[in-house]
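Engineer: First, the structure itself, so that you have it in front of you.
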Amino acid sequence: QLQLVESGGGLVQPGGSLRLSCAASGFTLDYYAIGWFRQAPGKEREGVSCISRTGGSTNYADSVKGRFTISRDNARTTVYLQMESLKPEDTAVYYCAAAPVTFARYWCSMMTHDFGSWGQGTQVTVSS
């Protein structure tokens, strides 16, 4: 079974940057679209960004557009979320998730119900 491990979270001041990583254990991610989600205390989990299995298509929530960048490495074993100009409202536990995709090379989603494999999450706290 595909296992995902997030890393890179931490405490950062407003305006700072972090890069989150999502690594697959025992599998490559060639045939998976990846989504990044976050959940703040008392709020529902929300989609932040997604990337297609080829990397040719990406999407972002309006709240992070222009500040966050999703990418995947050439070996397609790790997906990254580069976060810039962080704001206190970005504080949340960030999760990555994978959805198997065979033919739709440019499909990605930011809907939680489209994903069956989830990581354990990494805490991001933006505070002065």
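By convention here, the chains of the structure tokens are called A, B, ... in the order presented, each chain's residues are numbered starting at 1, and ligands are numbered starting at 1 in the order presented.
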Which residues come within 10 Å of Gly121 in chain A, counting only C-alpha atoms, excluding same-chain residues fewer than 5 positions away, as a JSON list (two decimals) with all heavy atoms, in the first residue's frame?
Structural biologist:
[["chain", "number", "residue", "atom", "x", "y", "z"],
["A", 4, "LEU", "N", 2.63, 7.75, 2.34],
["A", 4, "LEU", "CA", 3.17, 9.08, 2.10],
["A", 4, "LEU", "C", 3.68, 9.67, 3.40],
["A", 4, "LEU", "O", 3.05, 9.49, 4.46],
["A", 4, "LEU", "CB", 2.07, 9.98, 1.52],
["A", 4, "LEU", "CG", 1.43, 9.51, 0.23],
["A", 4, "LEU", "CD1", 0.24, 10.39, -0.12],
["A", 4, "LEU", "CD2", 2.43, 9.50, -0.90],
["A", 5, "VAL", "N", 4.79, 10.37, 3.31],
["A", 5, "VAL", "CA", 5.38, 11.01, 4.49],
["A", 5, "VAL", "C", 5.66, 12.46, 4.17],
["A", 5, "VAL", "O", 6.43, 12.76, 3.25],
["A", 5, "VAL", "CB", 6.67, 10.30, 4.92],
["A", 5, "VAL", "CG1", 7.28, 11.00, 6.14],
["A", 5, "VAL", "CG2", 6.41, 8.82, 5.22],
["A", 6, "GLU", "N", 5.05, 13.36, 4.94],
["A", 6, "GLU", "CA", 5.30, 14.79, 4.78],
["A", 6, "GLU", "C", 6.42, 15.22, 5.71],
["A", 6, "GLU", "O", 6.59, 14.65, 6.80],
["A", 6, "GLU", "CB", 4.05, 15.62, 5.10],
["A", 6, "GLU", "CG", 2.82, 15.30, 4.31],
["A", 6, "GLU", "CD", 1.89, 14.35, 5.03],
["A", 6, "GLU", "OE1", 2.37, 13.59, 5.89],
["A", 6, "GLU", "OE2", 0.68, 14.36, 4.73],
["A", 7, "SER", "N", 7.13, 16.25, 5.31],
["A", 7, "SER", "CA", 8.16, 16.85, 6.15],
["A", 7, "SER", "C", 8.34, 18.30, 5.75],
["A", 7, "SER", "O", 7.85, 18.72, 4.70],
["A", 7, "SER", "CB", 9.49, 16.09, 6.04],
["A", 7, "SER", "OG", 9.96, 16.14, 4.70],
["A", 9, "GLY", "N", 7.60, 21.04, 7.79],
["A", 9, "GLY", "CA", 6.82, 22.01, 8.55],
["A", 9, "GLY", "C", 7.64, 22.63, 9.67],
["A", 9, "GLY", "O", 8.77, 22.22, 9.95],
["A", 22, "CYS", "N", 6.67, 15.77, 0.22],
["A", 22, "CYS", "CA", 5.79, 14.61, 0.34],
["A", 22, "CYS", "C", 6.50, 13.47, -0.37],
["A", 22, "CYS", "O", 6.66, 13.50, -1.60],
["A", 22, "CYS", "CB", 4.45, 14.91, -0.32],
["A", 22, "CYS", "SG", 3.33, 13.49, -0.45],
["A", 36, "TRP", "N", -2.15, 18.70, -2.10],
["A", 36, "TRP", "CA", -1.79, 19.22, -0.77],
["A", 36, "TRP", "C", -3.05, 19.81, -0.15],
["A", 36, "TRP", "O", -3.77, 20.58, -0.80],
["A", 36, "TRP", "CB", -0.71, 20.29, -0.85],
["A", 36, "TRP", "CG", 0.68, 19.76, -0.98],
["A", 36, "TRP", "CD1", 1.42, 19.68, -2.12],
["A", 36, "TRP", "CD2", 1.50, 19.27, 0.07],
["A", 36, "TRP", "NE1", 2.66, 19.15, -1.84],
["A", 36, "TRP", "CE2", 2.74, 18.88, -0.50],
["A", 36, "TRP", "CE3", 1.34, 19.10, 1.45],
["A", 36, "TRP", "CZ2", 3.80, 18.34, 0.25],
["A", 36, "TRP", "CZ3", 2.38, 18.57, 2.19],
["A", 36, "TRP", "CH2", 3.59, 18.20, 1.59],
["A", 37, "PHE", "N", -3.28, 19.48, 1.09],
["A", 37, "PHE", "CA", -4.44, 19.95, 1.84],
["A", 37, "PHE", "C", -3.98, 20.51, 3.17],
["A", 37, "PHE", "O", -2.85, 20.23, 3.61],
["A", 37, "PHE", "CB", -5.42, 18.79, 2.08],
["A", 37, "PHE", "CG", -5.96, 18.19, 0.81],
["A", 37, "PHE", "CD1", -5.23, 17.27, 0.09],
["A", 37, "PHE", "CD2", -7.20, 18.56, 0.32],
["A", 37, "PHE", "CE1", -5.70, 16.71, -1.10],
["A", 37, "PHE", "CE2", -7.70, 18.02, -0.85],
["A", 37, "PHE", "CZ", -6.93, 17.10, -1.56],
["A", 38, "ARG", "N", -4.83, 21.27, 3.81],
["A", 38, "ARG", "CA", -4.50, 21.75, 5.14],
["A", 38, "ARG", "C", -5.76, 21.80, 6.00],
["A", 38, "ARG", "O", -6.88, 21.92, 5.49],
["A", 38, "ARG", "CB", -3.84, 23.14, 5.10],
["A", 38, "ARG", "CG", -4.74, 24.26, 4.60],
["A", 38, "ARG", "CD", -3.93, 25.54, 4.45],
["A", 38, "ARG", "NE", -4.74, 26.67, 4.01],
["A", 38, "ARG", "CZ", -4.26, 27.85, 3.67],
["A", 38, "ARG", "NH1", -2.95, 28.07, 3.72],
["A", 38, "ARG", "NH2", -5.08, 28.81, 3.27],
["A", 39, "GLN", "N", -5.53, 21.68, 7.30],
["A", 39, "GLN", "CA", -6.64, 21.73, 8.25],
["A", 39, "GLN", "C", -6.23, 22.53, 9.46],
["A", 39, "GLN", "O", -5.29, 22.15, 10.17],
["A", 39, "GLN", "CB", -7.07, 20.32, 8.65],
["A", 39, "GLN", "CG", -8.34, 20.28, 9.48],
["A", 39, "GLN", "CD", -8.93, 18.89, 9.56],
["A", 39, "GLN", "OE1", -8.26, 17.89, 9.33],
["A", 39, "GLN", "NE2", -10.22, 18.81, 9.89],
["A", 92, "ALA", "N", -1.71, 25.71, 9.97],
["A", 92, "ALA", "CA", -2.55, 24.51, 9.84],
["A", 92, "ALA", "C", -1.65, 23.29, 9.83],
["A", 92, "ALA", "O", -0.42, 23.40, 9.71],
["A", 92, "ALA", "CB", -3.37, 24.55, 8.56],
["A", 93, "VAL", "N", -2.27, 22.12, 9.92],
["A", 93, "VAL", "CA", -1.58, 20.88, 9.61],
["A", 93, "VAL", "C", -1.75, 20.65, 8.11],
["A", 93, "VAL", "O", -2.86, 20.70, 7.59],
["A", 93, "VAL", "CB", -2.15, 19.70, 10.41],
["A", 93, "VAL", "CG1", -1.43, 18.40, 10.01],
["A", 93, "VAL", "CG2", -2.02, 19.94, 11.91],
["A", 94, "TYR", "N", -0.62, 20.42, 7.45],
["A", 94, "TYR", "CA", -0.62, 20.22, 6.00],
["A", 94, "TYR", "C", -0.46, 18.74, 5.68],
["A", 94, "TYR", "O", 0.42, 18.07, 6.24],
["A", 94, "TYR", "CB", 0.50, 21.03, 5.36],
["A", 94, "TYR", "CG", 0.18, 22.50, 5.24],
["A", 94, "TYR", "CD1", 0.13, 23.30, 6.39],
["A", 94, "TYR", "CD2", -0.11, 23.08, 4.01],
["A", 94, "TYR", "CE1", -0.19, 24.65, 6.30],
["A", 94, "TYR", "CE2", -0.43, 24.43, 3.92],
["A", 94, "TYR", "CZ", -0.47, 25.20, 5.06],
["A", 94, "TYR", "OH", -0.80, 26.53, 4.97],
["A", 95, "TYR", "N", -1.30, 18.25, 4.79],
["A", 95, "TYR", "CA", -1.31, 16.86, 4.39],
["A", 95, "TYR", "C", -1.09, 16.75, 2.88],
["A", 95, "TYR", "O", -1.61, 17.57, 2.13],
["A", 95, "TYR", "CB", -2.65, 16.21, 4.70],
["A", 95, "TYR", "CG", -3.06, 16.23, 6.14],
["A", 95, "TYR", "CD1", -3.77, 17.30, 6.68],
["A", 95, "TYR", "CD2", -2.76, 15.15, 6.98],
["A", 95, "TYR", "CE1", -4.16, 17.31, 8.01],
["A", 95, "TYR", "CE2", -3.16, 15.15, 8.31],
["A", 95, "TYR", "CZ", -3.85, 16.24, 8.82],
["A", 95, "TYR", "OH", -4.23, 16.24, 10.14],
["A", 96, "CYS", "N", -0.37, 15.71, 2.47],
["A", 96, "CYS", "CA", -0.38, 15.39, 1.06],
["A", 96, "CYS", "C", -1.19, 14.12, 0.86],
["A", 96, "CYS", "O", -1.34, 13.31, 1.79],
["A", 96, "CYS", "CB", 1.02, 15.23, 0.49],
["A", 96, "CYS", "SG", 1.98, 13.84, 1.13],
["A", 97, "ALA", "N", -1.72, 13.96, -0.33],
["A", 97, "ALA", "CA", -2.56, 12.82, -0.65],
["A", 97, "ALA", "C", -2.32, 12.42, -2.10],
["A", 97, "ALA", "O", -1.96, 13.26, -2.93],
["A", 97, "ALA", "CB", -4.03, 13.15, -0.42]]
Engineer: Run DSSP on the backbone of this structure and report the residues of chain A it assigns to strand (DSSP E), as number ranges by chain.
Structural biologist: A: 3-7, 10-12, 18-25, 32-39, 46-51, 58-60, 68-72, 78-83, 92-100, 117-118, 122-126
Engineer: Considering only C-alpha atoms, return as a ChimeraX atom specification whatever protein or nucleic-acid residues lie within 8 Å of Gly10 in chain A, sequence-local ones (same chain, fewer than 6 positions apart) excluded.
Structural biologist: /A:18,122-125
Engineer: Those residues with all heavy atoms, as an mmCIF file, in the first residue's frame please?
Structural biologist:
data_model
loop_
_atom_site.group_PDB
_atom_site.id
_atom_site.type_symbol
_atom_site.label_atom_id
_atom_site.label_comp_id
_atom_site.auth_asym_id
_atom_site.auth_seq_id
_atom_site.Cartn_x
_atom_site.Cartn_y
_atom_site.Cartn_z
ATOM 1 N N LEU A 18 8.656 28.380 3.689
ATOM 2 C CA LEU A 18 8.898 26.989 4.042
ATOM 3 C C LEU A 18 8.717 26.154 2.782
ATOM 4 O O LEU A 18 7.956 26.529 1.889
ATOM 5 C CB LEU A 18 7.899 26.492 5.099
ATOM 6 C CG LEU A 18 8.100 26.881 6.556
ATOM 7 C CD1 LEU A 18 6.924 26.389 7.392
ATOM 8 C CD2 LEU A 18 9.406 26.330 7.108
ATOM 9 N N THR A 122 1.992 17.486 8.567
ATOM 10 C CA THR A 122 3.095 18.237 9.157
ATOM 11 C C THR A 122 2.566 19.608 9.553
ATOM 12 O O THR A 122 1.833 20.251 8.798
ATOM 13 C CB THR A 122 4.294 18.346 8.186
ATOM 14 O OG1 THR A 122 5.393 18.980 8.837
ATOM 15 C CG2 THR A 122 3.953 19.119 6.930
ATOM 16 N N GLN A 123 2.937 20.040 10.760
ATOM 17 C CA GLN A 123 2.397 21.295 11.303
ATOM 18 C C GLN A 123 3.154 22.484 10.737
ATOM 19 O O GLN A 123 4.396 22.522 10.744
ATOM 20 C CB GLN A 123 2.513 21.288 12.825
ATOM 21 C CG GLN A 123 2.076 22.583 13.494
ATOM 22 C CD GLN A 123 0.582 22.799 13.424
ATOM 23 O OE1 GLN A 123 -0.211 21.904 13.700
ATOM 24 N NE2 GLN A 123 0.169 24.016 13.053
ATOM 25 N N VAL A 124 2.414 23.476 10.281
ATOM 26 C CA VAL A 124 2.977 24.756 9.862
ATOM 27 C C VAL A 124 2.354 25.833 10.745
ATOM 28 O O VAL A 124 1.131 25.957 10.812
ATOM 29 C CB VAL A 124 2.684 25.050 8.381
ATOM 30 C CG1 VAL A 124 3.091 26.479 8.030
ATOM 31 C CG2 VAL A 124 3.410 24.055 7.487
ATOM 32 N N THR A 125 3.199 26.576 11.425
ATOM 33 C CA THR A 125 2.736 27.656 12.288
ATOM 34 C C THR A 125 3.394 28.953 11.854
ATOM 35 O O THR A 125 4.626 29.039 11.794
ATOM 36 C CB THR A 125 3.070 27.370 13.763
ATOM 37 O OG1 THR A 125 2.480 26.117 14.147
ATOM 38 C CG2 THR A 125 2.526 28.479 14.654
#
Engineer: Find the spatial neighbours of range 98-106 of chain A, counting only C-alpha atoms, within a cut-off of 8 Å - ignore same-chain residues fewer than 4 positions away - and output them as a list in words.
Structural biologist: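 Listing them by chain and then by number gives Tyr31, Tyr32, Ala33, Ile34, Gly35, Ser52, Arg53, Thr54, Gly55, Gly56, Ser57, Asp114, Phe115, Gly116, Ser117 and Trp118 of chain A.
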Engineer: DSSP says helix (DSSP H, G or I) for which residues of chain A? Put them as a PyMOL selection string?
Structural biologist: chain A and resi 88-90+112-114
Engineer: Write a file of the just-selected residues containing all heavy atoms, as a PDB file, in the first residue's frame.
Structural biologist:
ATOM      1  N   PRO A  88      -0.293  34.447   8.952  1.00  0.00           N
ATOM      2  CA  PRO A  88      -0.818  33.702  10.111  1.00  0.00           C
ATOM      3  C   PRO A  88      -1.975  32.785   9.737  1.00  0.00           C
ATOM      4  O   PRO A  88      -2.111  31.690  10.321  1.00  0.00           O
ATOM      5  CB  PRO A  88      -1.252  34.816  11.061  1.00  0.00           C
ATOM      6  CG  PRO A  88      -0.341  35.957  10.739  1.00  0.00           C
ATOM      7  CD  PRO A  88      -0.152  35.888   9.247  1.00  0.00           C
ATOM      8  N   GLU A  89      -2.787  33.182   8.772  1.00  0.00           N
ATOM      9  CA  GLU A  89      -3.922  32.347   8.378  1.00  0.00           C
ATOM     10  C   GLU A  89      -3.502  31.098   7.610  1.00  0.00           C
ATOM     11  O   GLU A  89      -4.348  30.246   7.312  1.00  0.00           O
ATOM     12  CB  GLU A  89      -4.935  33.156   7.561  1.00  0.00           C
ATOM     13  CG  GLU A  89      -4.341  33.921   6.404  1.00  0.00           C
ATOM     14  CD  GLU A  89      -4.072  35.385   6.759  1.00  0.00           C
ATOM     15  OE1 GLU A  89      -3.539  35.648   7.861  1.00  0.00           O
ATOM     16  OE2 GLU A  89      -4.375  36.246   5.908  1.00  0.00           O
ATOM     17  N   ASP A  90      -2.224  30.968   7.279  1.00  0.00           N
ATOM     18  CA  ASP A  90      -1.716  29.731   6.671  1.00  0.00           C
ATOM     19  C   ASP A  90      -1.416  28.665   7.723  1.00  0.00           C
ATOM     20  O   ASP A  90      -1.092  27.527   7.373  1.00  0.00           O
ATOM     21  CB  ASP A  90      -0.441  30.011   5.871  1.00  0.00           C
ATOM     22  CG  ASP A  90      -0.688  30.892   4.665  1.00  0.00           C
ATOM     23  OD1 ASP A  90      -1.700  30.694   3.968  1.00  0.00           O
ATOM     24  OD2 ASP A  90       0.147  31.788   4.421  1.00  0.00           O
ATOM     25  N   THR A 112     -11.076  16.388  -1.307  1.00  0.00           N
ATOM     26  CA  THR A 112     -10.584  15.320  -0.435  1.00  0.00           C
ATOM     27  C   THR A 112     -11.106  13.952  -0.859  1.00  0.00           C
ATOM     28  O   THR A 112     -10.383  12.953  -0.756  1.00  0.00           O
ATOM     29  CB  THR A 112     -10.977  15.582   1.022  1.00  0.00           C
ATOM     30  OG1 THR A 112     -12.393  15.731   1.118  1.00  0.00           O
ATOM     31  CG2 THR A 112     -10.293  16.833   1.568  1.00  0.00           C
ATOM     32  N   HIS A 113     -12.346  13.876  -1.377  1.00  0.00           N
ATOM     33  CA  HIS A 113     -12.932  12.570  -1.686  1.00  0.00           C
ATOM     34  C   HIS A 113     -12.287  11.904  -2.897  1.00  0.00           C
ATOM     35  O   HIS A 113     -12.543  10.729  -3.174  1.00  0.00           O
ATOM     36  CB  HIS A 113     -14.448  12.673  -1.862  1.00  0.00           C
ATOM     37  CG  HIS A 113     -14.875  13.602  -2.969  1.00  0.00           C
ATOM     38  ND1 HIS A 113     -14.727  13.308  -4.314  1.00  0.00           N
ATOM     39  CD2 HIS A 113     -15.432  14.827  -2.930  1.00  0.00           C
ATOM     40  CE1 HIS A 113     -15.179  14.314  -5.030  1.00  0.00           C
ATOM     41  NE2 HIS A 113     -15.616  15.245  -4.220  1.00  0.00           N
ATOM     42  N   ASP A 114     -11.463  12.618  -3.639  1.00  0.00           N
ATOM     43  CA  ASP A 114     -10.780  12.028  -4.790  1.00  0.00           C
ATOM     44  C   ASP A 114      -9.512  11.282  -4.401  1.00  0.00           C
ATOM     45  O   ASP A 114      -8.893  10.637  -5.245  1.00  0.00           O
ATOM     46  CB  ASP A 114     -10.418  13.113  -5.807  1.00  0.00           C
ATOM     47  CG  ASP A 114     -11.629  13.584  -6.595  1.00  0.00           C
ATOM     48  OD1 ASP A 114     -12.520  12.747  -6.863  1.00  0.00           O
ATOM     49  OD2 ASP A 114     -11.674  14.775  -6.952  1.00  0.00           O
TER      50      ASP A 114
END
Engineer: From the options A:Asn59, A:Gln13, A:Thr28, A:Ser127, which residue's atoms come nearest to Thr77 in chain A, counting only C-alpha atoms?
Structural biologist: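 Selected residue with least distance to Thr77 in chain A: A:Thr28.
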